[in-house]
>>> print(open('upload-v1.txt').read())   # compact mmCIF, C-alpha atoms and all ligand atoms
# COMPACT_ATOMS: atom_id res chain seq x y z
CA MET A 249 -110.55 25.75 -18.21
CA PRO A 250 -109.09 27.15 -21.43
CA THR A 251 -106.53 24.76 -22.98
CA PRO A 252 -103.31 25.83 -24.71
CA HIS A 253 -105.17 26.06 -28.02
CA ILE A 254 -108.84 26.66 -27.21
CA ALA A 255 -109.94 29.67 -25.18
CA ALA A 256 -113.44 28.47 -24.28
CA GLN A 257 -115.22 27.66 -21.05
CA LYS A 258 -116.45 24.06 -20.87
CA ASP A 259 -120.14 24.78 -21.52
CA GLU A 260 -119.39 26.93 -24.58
CA ILE A 261 -118.76 23.91 -26.82
CA ALA A 262 -121.57 21.50 -27.80
CA GLU A 263 -121.27 17.70 -27.52
CA LYS A 264 -121.58 17.49 -31.32
CA ILE A 265 -119.05 19.19 -33.55
CA LEU A 266 -118.36 19.60 -37.26
CA LEU A 267 -114.66 19.94 -38.11
CA PRO A 268 -113.57 21.50 -41.42
CA GLY A 269 -109.83 21.95 -41.90
CA ASP A 270 -110.18 25.62 -42.82
CA PRO A 271 -111.25 27.95 -39.99
CA LEU A 272 -112.93 30.28 -42.51
CA ARG A 273 -115.13 27.37 -43.56
CA ALA A 274 -116.11 27.02 -39.90
CA LYS A 275 -117.08 30.71 -39.96
CA PHE A 276 -119.02 30.23 -43.21
CA ILE A 277 -120.98 27.32 -41.72
CA ALA A 278 -121.74 29.27 -38.54
CA GLU A 279 -122.89 32.32 -40.49
CA ASN A 280 -124.98 30.45 -43.05
CA TYR A 281 -126.41 27.44 -41.23
CA LEU A 282 -126.52 28.15 -37.48
CA LYS A 283 -128.71 30.45 -35.37
CA ASN A 284 -127.78 32.22 -32.11
CA VAL A 285 -124.10 31.84 -32.93
CA ARG A 286 -121.35 32.51 -30.37
CA GLN A 287 -117.68 32.37 -31.25
CA PHE A 288 -115.74 30.38 -28.65
CA ASN A 289 -112.24 30.41 -30.07
CA GLN A 290 -109.85 32.68 -31.89
CA VAL A 291 -106.49 31.38 -30.62
CA ARG A 292 -104.14 31.06 -33.65
CA ASN A 293 -107.14 32.10 -35.79
CA MET A 294 -108.51 28.57 -35.37
CA LEU A 295 -112.07 29.88 -35.28
CA GLY A 296 -114.72 27.92 -33.38
CA PHE A 297 -118.45 28.63 -33.04
CA THR A 298 -121.48 27.19 -31.26
CA GLY A 299 -125.04 27.72 -32.42
CA ILE A 300 -128.38 26.08 -33.09
CA TYR A 301 -129.10 23.89 -36.12
CA LYS A 302 -132.75 22.76 -36.34
CA ASN A 303 -133.25 23.15 -32.57
CA GLU A 304 -130.06 21.21 -31.71
CA ARG A 305 -126.94 22.75 -30.23
CA VAL A 306 -123.90 22.09 -32.41
CA SER A 307 -120.39 23.48 -32.70
CA VAL A 308 -118.11 23.95 -35.68
CA MET A 309 -114.37 24.56 -35.58
CA GLY A 310 -111.35 24.53 -37.90
CA THR A 311 -108.57 22.02 -37.29
CA GLY A 312 -105.78 23.06 -39.64
CA MET A 313 -104.15 20.58 -41.98
CA GLY A 314 -102.44 17.29 -41.20
CA ILE A 315 -102.49 14.80 -38.35
CA PRO A 316 -100.51 16.82 -35.75
CA SER A 317 -102.69 19.94 -36.03
CA PHE A 318 -105.90 17.94 -36.26
CA SER A 319 -104.96 15.78 -33.26
CA ILE A 320 -104.27 18.74 -30.98
CA TYR A 321 -107.75 20.16 -31.50
CA ALA A 322 -109.62 16.83 -31.52
CA HIS A 323 -107.82 15.70 -28.34
CA GLU A 324 -108.63 18.90 -26.44
CA LEU A 325 -112.24 18.92 -27.65
CA ILE A 326 -112.82 15.35 -26.47
CA GLN A 327 -110.67 15.24 -23.34
CA GLU A 328 -111.18 18.75 -21.96
CA TYR A 329 -114.53 19.83 -23.39
CA GLY A 330 -116.42 16.51 -23.37
CA VAL A 331 -117.26 16.45 -27.09
CA LYS A 332 -118.92 13.13 -27.95
CA THR A 333 -119.56 13.20 -31.71
CA LEU A 334 -117.01 14.57 -34.18
CA ILE A 335 -117.55 14.78 -37.93
CA ARG A 336 -114.69 15.91 -40.12
CA ILE A 337 -115.58 17.51 -43.45
CA GLY A 338 -112.74 17.96 -45.89
CA THR A 339 -111.32 17.42 -49.33
CA ALA A 340 -109.38 14.49 -50.74
CA GLY A 341 -107.55 13.43 -53.88
CA SER A 342 -109.01 10.46 -55.76
CA LEU A 343 -106.92 7.30 -56.09
CA SER A 344 -109.55 5.43 -58.10
CA LYS A 345 -110.83 5.59 -61.66
CA LYS A 346 -114.34 5.19 -60.27
CA VAL A 347 -114.11 8.19 -57.93
CA HIS A 348 -114.48 11.52 -59.74
CA VAL A 349 -113.94 15.12 -58.71
CA ARG A 350 -117.03 16.48 -56.87
CA ASP A 351 -117.96 12.96 -55.64
CA LEU A 352 -118.46 12.40 -51.96
CA VAL A 353 -116.40 9.77 -50.13
CA LEU A 354 -117.53 8.51 -46.74
CA ALA A 355 -114.45 7.13 -45.01
CA GLN A 356 -115.43 3.74 -43.65
CA SER A 357 -111.80 3.19 -42.65
CA ALA A 358 -108.44 4.93 -42.88
CA ALA A 359 -104.93 3.66 -43.56
CA THR A 360 -102.06 5.98 -42.69
CA THR A 361 -98.38 6.70 -43.26
CA SER A 362 -98.27 8.39 -39.84
CA ARG A 363 -96.55 6.70 -36.86
CA ILE A 364 -99.18 7.80 -34.32
CA ILE A 365 -100.82 4.39 -34.09
CA ARG A 366 -97.70 2.26 -34.46
CA ASN A 367 -95.93 4.27 -31.77
CA GLU A 368 -98.46 2.91 -29.28
CA TRP A 369 -99.20 -0.44 -30.96
CA PRO A 370 -95.98 -1.52 -32.72
CA GLU A 371 -96.97 -5.20 -32.90
CA TYR A 372 -100.43 -4.57 -34.36
CA ASP A 373 -101.89 -3.21 -37.59
CA LEU A 374 -104.83 -1.60 -35.89
CA PRO A 375 -107.61 -0.68 -38.35
CA GLN A 376 -109.02 2.82 -38.05
CA THR A 377 -112.78 2.76 -38.57
CA ALA A 378 -115.74 5.11 -38.62
CA ASN A 379 -118.72 4.86 -36.28
CA PHE A 380 -121.20 2.68 -38.17
CA GLN A 381 -124.36 4.59 -37.15
CA LEU A 382 -122.91 7.92 -38.30
CA LEU A 383 -121.71 6.32 -41.52
CA GLN A 384 -125.11 4.77 -42.22
CA THR A 385 -126.96 8.03 -41.51
CA ALA A 386 -124.66 10.05 -43.77
CA HIS A 387 -124.92 7.45 -46.52
CA ASN A 388 -128.73 7.42 -46.38
CA LEU A 389 -128.80 11.23 -46.55
CA ALA A 390 -126.43 11.35 -49.54
CA LYS A 391 -128.43 8.66 -51.37
CA LYS A 392 -131.70 10.47 -50.69
CA GLN A 393 -130.23 13.58 -52.31
CA ASN A 394 -128.96 11.56 -55.27
CA LEU A 395 -125.40 12.70 -54.62
CA PRO A 396 -122.56 10.64 -56.13
CA VAL A 397 -121.31 8.89 -53.00
CA HIS A 398 -118.72 6.16 -52.30
CA VAL A 399 -118.00 4.32 -49.06
CA GLY A 400 -114.59 2.80 -48.40
CA THR A 401 -111.03 3.16 -47.20
CA VAL A 402 -109.02 6.37 -47.47
CA LEU A 403 -105.33 7.01 -46.94
CA SER A 404 -104.36 9.64 -44.36
CA SER A 405 -100.95 10.75 -45.57
CA ASP A 406 -98.36 12.79 -43.69
CA LEU A 407 -97.23 14.43 -46.92
CA PHE A 408 -99.11 16.54 -49.46
CA TYR A 409 -96.11 16.97 -51.77
CA ASN A 410 -94.67 13.53 -52.47
CA GLU A 411 -91.67 12.26 -54.40
CA GLU A 412 -92.84 10.51 -57.55
CA GLU A 413 -92.05 7.12 -56.07
CA ILE A 414 -94.41 7.72 -53.13
CA SER A 415 -97.12 9.17 -55.40
CA ASN A 416 -96.95 6.01 -57.47
CA LYS A 417 -97.25 3.93 -54.31
CA ASN A 418 -100.36 5.87 -53.32
CA ILE A 419 -101.81 5.30 -56.78
CA LYS A 420 -101.03 1.58 -56.41
CA LEU A 421 -102.99 1.58 -53.15
CA GLY A 422 -105.93 2.79 -55.24
CA LYS A 423 -105.72 -0.52 -57.09
CA TYR A 424 -106.08 -2.22 -53.70
CA GLY A 425 -109.40 -0.41 -53.19
CA VAL A 426 -108.25 2.69 -51.32
CA LEU A 427 -110.53 5.42 -52.69
CA ALA A 428 -108.77 8.68 -51.88
CA VAL A 429 -105.91 10.40 -50.07
CA GLU A 430 -106.23 13.14 -47.45
CA MET A 431 -104.35 14.02 -44.29
CA GLU A 432 -106.43 13.68 -41.08
CA THR A 433 -109.03 10.90 -40.91
CA ALA A 434 -106.86 8.15 -39.35
CA ALA A 435 -106.12 10.47 -36.41
CA LEU A 436 -109.81 11.24 -35.96
CA TYR A 437 -110.73 7.53 -35.90
CA TYR A 438 -107.83 6.62 -33.65
CA LEU A 439 -108.71 9.30 -31.10
CA GLY A 440 -112.35 8.26 -31.32
CA ALA A 441 -111.39 4.66 -30.48
CA LYS A 442 -108.91 5.65 -27.79
CA LEU A 443 -111.14 8.15 -26.03
CA GLY A 444 -114.48 6.39 -26.65
CA VAL A 445 -116.37 8.85 -28.84
CA GLN A 446 -118.17 8.69 -32.20
CA THR A 447 -116.34 9.81 -35.32
CA LEU A 448 -116.87 10.07 -39.07
CA ALA A 449 -115.09 11.78 -41.98
CA LEU A 450 -116.99 13.08 -45.04
CA LEU A 451 -114.76 14.01 -47.95
CA THR A 452 -115.37 15.81 -51.23
CA ILE A 453 -113.01 14.89 -54.06
CA SER A 454 -111.19 18.09 -55.02
CA ASP A 455 -108.63 16.52 -57.36
CA SER A 456 -107.68 13.20 -58.92
CA LEU A 457 -104.24 11.64 -58.85
CA ILE A 458 -105.43 9.39 -61.70
CA THR A 459 -106.91 11.87 -64.20
CA LYS A 460 -105.07 14.98 -62.83
CA GLU A 461 -108.39 16.89 -62.86
CA SER A 462 -108.98 19.40 -60.09
CA LEU A 463 -111.88 21.57 -58.97
CA GLY A 464 -111.82 25.35 -59.28
CA SER A 465 -112.44 27.36 -56.12
CA GLN A 466 -116.11 28.11 -56.97
CA GLU A 467 -116.87 24.43 -57.60
CA ARG A 468 -115.11 23.46 -54.40
CA GLN A 469 -117.47 25.77 -52.56
CA THR A 470 -120.64 24.24 -54.07
CA SER A 471 -119.71 20.63 -53.47
CA PHE A 472 -118.50 21.60 -50.03
CA GLN A 473 -121.98 22.93 -49.24
CA ASP A 474 -123.65 19.54 -49.94
CA MET A 475 -121.18 17.98 -47.52
CA MET A 476 -121.78 20.61 -44.81
CA VAL A 477 -125.51 19.89 -44.84
CA ILE A 478 -124.97 16.12 -44.69
CA GLY A 479 -122.52 16.68 -41.82
CA LEU A 480 -124.93 18.85 -39.85
CA GLU A 481 -127.90 16.53 -40.47
CA THR A 482 -125.85 13.49 -39.45
CA LEU A 483 -124.72 15.26 -36.28
CA ILE A 484 -128.24 16.09 -35.12
CA LYS A 485 -129.44 12.54 -35.83
CA SER A 486 -126.61 11.08 -33.69
N1 LIG B 501 -103.26 14.70 -51.10
C1 LIG B 501 -103.43 14.89 -49.79
N2 LIG B 501 -104.45 15.55 -49.29
C2 LIG B 501 -105.35 16.05 -50.15
C3 LIG B 501 -105.24 15.88 -51.52
C4 LIG B 501 -104.14 15.16 -52.01
O1 LIG B 501 -103.99 14.97 -53.23
N3 LIG B 501 -106.29 16.51 -52.11
C5 LIG B 501 -107.02 17.05 -51.11
N4 LIG B 501 -106.47 16.76 -49.92
>>> encode(input="upload-v1.txt", output="structure tokens")
Amino acid sequence: MPTPHIAAQKDEIAEKILLPGDPLRAKFIAENYLKNVRQFNQVRNMLGFTGIYKNERVSVMGTGMGIPSFSIYAHELIQEYGVKTLIRIGTAGSLSKKVHVRDLVLAQSAATTSRIIRNEWPEYDLPQTANFQLLQTAHNLAKKQNLPVHVGTVLSSDLFYNEEEISNKNIKLGKYGVLAVEMETAALYYLGAKLGVQTLALLTISDSLITKESLGSQERQTSFQDMMVIGLETLIKS
């Protein structure tokens, strides 16, 4: 049963999973929010855990950064372990004057610079979209908590460090309504569509390409915690 990257038996992973990029965040969530926790993966230090959140069985696992790393884990979780609901929680850089550091962005859709979709669908510009029910649940929860929340398109970029010309292009996309840039969501939504499962990405703004502000590590932690709770609550309502 174990796959090349996940050393778990099939029943060790829940049908609902929260996916932070950082495996230590997965450990933090397991230790602070889940009961009866069992670690199911340590291959490449990509830690994964299953436990109980409010009487529901959920898993949490790191994915690493970028579309290739993310896609390996998401693919194996869906295809080999039967995971049905996947919620990514991560950080993003704002591309909009209206989206400030610490704000929450719910990715309704994702554009990408990656070839993964065009390689299979060269004649189409296939939109990558979130599951509406998950999106609505997360939005209601964020509103109820009075958190600053935006819903819209994000850009999943293949590059973190861009030439100035590309950075300017990304900023121009902000003027077309793209709220933020990160590096994984389009792959999550594409795999969700391809393999028939529910997906959503919740993003905290850690920096702004417009104002050049960025969050310190302590502040990142606090705003990350709001997002973890919304992620877990959305998972158990799915
Ligand atoms: N670019 C890409 N990914 C990111 C950024 C960014 O500016 N901030 C957080 N994740």
>>> residues_around(input="upload-v1.txt", residues="region 262-276 of chain A", least_positions_apart="4", cutoff="6 Å", atoms="all atoms listed in the file", output="list in words")
Asn280, Met294, Leu295, Val306, Ser307, Val308, Met309, Gly310, Thr311, Gly312, Met313, Val331, Lys332, Thr333, Leu334, Ile335, Arg336, Ile337 and Gly338 of chain A
>>> residues_near_ligand(input="upload-v1.txt", ligand="ligand LIG 501 (chain B)", cutoff="8 Å", atoms="all atoms listed in the file", output="PDB file with C-alpha atoms, keeping the file's coordinate frame")
ATOM      1  CA  GLY A 338    -112.740  17.960 -45.890  1.00  0.00           C
ATOM      2  CA  THR A 339    -111.320  17.420 -49.330  1.00  0.00           C
ATOM      3  CA  ALA A 340    -109.380  14.490 -50.740  1.00  0.00           C
ATOM      4  CA  GLY A 341    -107.550  13.430 -53.880  1.00  0.00           C
ATOM      5  CA  SER A 342    -109.010  10.460 -55.760  1.00  0.00           C
ATOM      6  CA  SER A 404    -104.360   9.640 -44.360  1.00  0.00           C
ATOM      7  CA  SER A 405    -100.950  10.750 -45.570  1.00  0.00           C
ATOM      8  CA  LEU A 407     -97.230  14.430 -46.920  1.00  0.00           C
ATOM      9  CA  PHE A 408     -99.110  16.540 -49.460  1.00  0.00           C
ATOM     10  CA  TYR A 409     -96.110  16.970 -51.770  1.00  0.00           C
ATOM     11  CA  ALA A 428    -108.770   8.680 -51.880  1.00  0.00           C
ATOM     12  CA  VAL A 429    -105.910  10.400 -50.070  1.00  0.00           C
ATOM     13  CA  GLU A 430    -106.230  13.140 -47.450  1.00  0.00           C
ATOM     14  CA  MET A 431    -104.350  14.020 -44.290  1.00  0.00           C
ATOM     15  CA  ILE A 453    -113.010  14.890 -54.060  1.00  0.00           C
ATOM     16  CA  SER A 454    -111.190  18.090 -55.020  1.00  0.00           C
ATOM     17  CA  ASP A 455    -108.630  16.520 -57.360  1.00  0.00           C
ATOM     18  CA  SER A 456    -107.680  13.200 -58.920  1.00  0.00           C
ATOM     19  CA  LEU A 457    -104.240  11.640 -58.850  1.00  0.00           C
TER      20      LEU A 457
END
>>> closest_residue(input="upload-v1.txt", among="A:Thr459, A:Gln446, A:Thr298, A:Thr433", to="Asp406 (chain A)", atoms="all atoms listed in the file")
A:Thr433
>>> closest_residue(input="upload-v1.txt", among="A:Leu439, A:Ile261, A:Ala358, A:Ala378", to="Val285 (chain A)", atoms="all atoms listed in the file")
A:Ile261
>>> atom_distance(input="upload-v1.txt", atom1="CA of Val399 (chain A)", atom2="CA of Tyr372 (chain A)")
24.6 Å
>>> closest_residue(input="upload-v1.txt", among="A:Phe380, A:Lys460, A:Pro252, A:Lys423", to="Ser344 (chain A)", atoms="all atoms listed in the file")
A:Lys423
>>> closest_residue(input="upload-v1.txt", among="A:Asn394, A:Thr385, A:Thr377, A:Ser317", to="Glu481 (chain A)", atoms="only C-alpha atoms")
A:Thr385
>>> atom_distance(input="upload-v1.txt", atom1="CA of Val347 (chain A)", atom2="CA of His398 (chain A)")
7.6 Å
>>> atom_distance(input="upload-v1.txt", atom1="CA of Leu403 (chain A)", atom2="CA of Val426 (chain A)")
6.8 Å
>>> closest_residue(input="upload-v1.txt", among="A:Arg286, A:Gln466, A:Pro316, A:Glu328", to="Pro250 (chain A)", atoms="only C-alpha atoms")
A:Glu328
>>> closest_residue(input="upload-v1.txt", among="A:Ser362, A:Tyr437, A:Ser486, A:Leu480", to="Leu282 (chain A)", atoms="all atoms listed in the file")
A:Leu480
